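Engineer: My questions all concern the structure below.
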Amino acid sequence: MKLMIVDDNVMIRGMLRDMLEQMGHEIAGEAEEGDTAIKVFSAVRPDAVFLDMIMPGKSGMEVLAEIRKIDPQAKVVIVTAVEQERIDKQINDCGVTAIIRKPFTYDELEDTLKRIK
């Protein structure tokens, strides 16, 4: 799969990139904030996006809304440390493909990818 990573934390982006590449996926783009994420998404049209919820500038929810305007069928996996039922409902109502919680394991990431293919 051709994937995109959006996270303001360089270590998280690097860890995700390393794991995803080990699984045989191509990282088509990365961004550390929302405006860049929208530009990169539009340019590379990835098969799926791994999107952080809490970032400076635009939140993950704002980025998700803009991605949905560009491609209503885009596969978006929310990557978050926030674990609250209210937020999960809000995320799911926006049509995310999956949610993965930080910190996650290689196996959890691999299982998530199998579910979204």
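Chain labels run A, B, ... following the order of the structure tokens; each chain numbers its residues from 1, and ligands are numbered from 1 in the order shown.
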According to DSSP computed on the backbone, where in chain A is there helix (DSSP H, G or I)? Give the residues as a PyMOL selection string.
Structural biologist: chain A and resi 10-22+34-44+60-70+85-93+106-116
Engineer: Take the residues that were just selected and, keeping C-alpha atoms, output them as a compact mmCIF listing (two decimals), in the first residue's frame.
Structural biologist:
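Saved file selection-v1.txt follows:
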```
# COMPACT_ATOMS: atom_id res chain seq x y z
CA VAL A 10 9.33 13.33 14.43
CA MET A 11 9.98 10.21 16.53
CA ILE A 12 6.45 8.88 15.97
CA ARG A 13 6.72 9.56 12.24
CA GLY A 14 10.05 7.76 12.12
CA MET A 15 8.77 4.78 14.10
CA LEU A 16 5.66 4.50 11.90
CA ARG A 17 7.74 4.86 8.73
CA ASP A 18 10.17 2.14 9.86
CA MET A 19 7.41 -0.29 10.85
CA LEU A 20 5.34 0.29 7.73
CA GLU A 21 8.35 -0.08 5.42
CA GLN A 22 9.33 -3.30 7.23
CA GLY A 34 -2.28 20.17 8.96
CA ASP A 35 -1.76 22.58 6.06
CA THR A 36 1.16 20.56 4.73
CA ALA A 37 -0.82 17.35 5.24
CA ILE A 38 -3.60 18.59 2.94
CA LYS A 39 -1.11 19.62 0.25
CA VAL A 40 0.76 16.31 0.42
CA PHE A 41 -2.47 14.30 0.43
CA SER A 42 -3.68 16.12 -2.68
CA ALA A 43 -0.37 15.55 -4.44
CA VAL A 44 0.27 11.89 -3.62
CA GLY A 60 -6.50 15.95 13.18
CA MET A 61 -10.28 16.41 13.01
CA GLU A 62 -9.86 19.53 10.85
CA VAL A 63 -7.40 17.72 8.57
CA LEU A 64 -9.77 14.76 8.36
CA ALA A 65 -12.62 17.06 7.29
CA GLU A 66 -10.46 18.57 4.53
CA ILE A 67 -9.29 15.14 3.36
CA ARG A 68 -12.96 14.08 3.17
CA LYS A 69 -13.68 17.09 0.90
CA ILE A 70 -10.89 16.01 -1.44
CA GLU A 85 -15.52 7.49 24.60
CA ARG A 86 -16.84 10.92 23.53
CA ILE A 87 -13.85 11.55 21.27
CA ASP A 88 -14.06 8.03 19.82
CA LYS A 89 -17.70 8.65 18.90
CA GLN A 90 -16.81 11.99 17.30
CA ILE A 91 -13.98 10.36 15.34
CA ASN A 92 -16.15 7.46 14.20
CA ASP A 93 -18.95 9.84 13.19
CA TYR A 106 4.17 -3.78 15.51
CA ASP A 107 1.47 -6.46 15.70
CA GLU A 108 -1.27 -3.93 16.46
CA LEU A 109 -0.18 -1.82 13.49
CA GLU A 110 -0.05 -4.88 11.24
CA ASP A 111 -3.55 -5.96 12.37
CA THR A 112 -4.88 -2.47 11.65
CA LEU A 113 -3.46 -2.55 8.13
CA LYS A 114 -4.99 -5.96 7.46
CA ARG A 115 -8.41 -4.61 8.51
CA ILE A 116 -8.27 -1.56 6.24
```
Engineer: What separation in Å, quoted to one decimal, exists between atom CA of Ile99 of chain A and atom CA of Gly29 of chain A?
Structural biologist: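 Result for atom CA of Ile99 of chain A versus atom CA of Gly29 of chain A: 19.7 Å, one decimal.
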Engineer: Find the spatial neighbours of Ile78 of chain A, counting only C-alpha atoms, within a cut-off of 7 Å - ignore same-chain residues fewer than 4 positions away - and output them as a ChimeraX atom specification.
Structural biologist: /A:50-53,98-100
Engineer: Interatomic distance between atom CA of Lys2 of chain A and atom CA of Pro46 of chain A?
Structural biologist: 5.2 Å
Engineer: Which is closer to Val96 of chain A than all the others in A:Leu3, A:Ala74, A:Ala28, A:Met23, using only C-alpha atoms?
Structural biologist: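 The shortest atom-to-atom distance to Val96 of chain A comes from A:Ala74.
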Engineer: If you count only C-alpha atoms, which residues fall within 7 Å of Asp8 of chain A, apart from same-chain ones fewer than 2 positions away, as a PyMOL selection string?
Structural biologist: chain A and resi 6+10+32-33+55
Engineer: Taking into account only C-alpha atoms, which residue in the set A:Pro103, A:His25, A:Arg45, A:Ile5 is nearest to Lys117 of chain A?
Structural biologist: A:His25
Engineer: Let me make sure I understand: among A:Asp7, A:Met1, A:Glu30, A:Ala48, which one has the smallest atom-to-atom distance to Val77 of chain A if we use only C-alpha atoms?
Structural biologist: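 Distance minimum relative to Val77 of chain A lands on A:Ala48.
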Engineer: Go through A:Ala31, A:Cys94, A:Phe104, A:Ile54 and flag the residue nearest Val82 of chain A, using only C-alpha atoms for the distances.
Structural biologist: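 Under the stated criterion, the closest residue is A:Ile54.
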Engineer: Measuring atom to atom with only C-alpha atoms, identify which of A:Met4, A:Pro56, A:Gly24, A:Asn9 is nearest to Lys75 of chain A.
Structural biologist: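 When distances to Lys75 of chain A are compared using only C-alpha atoms, the smallest one comes from A:Met4.
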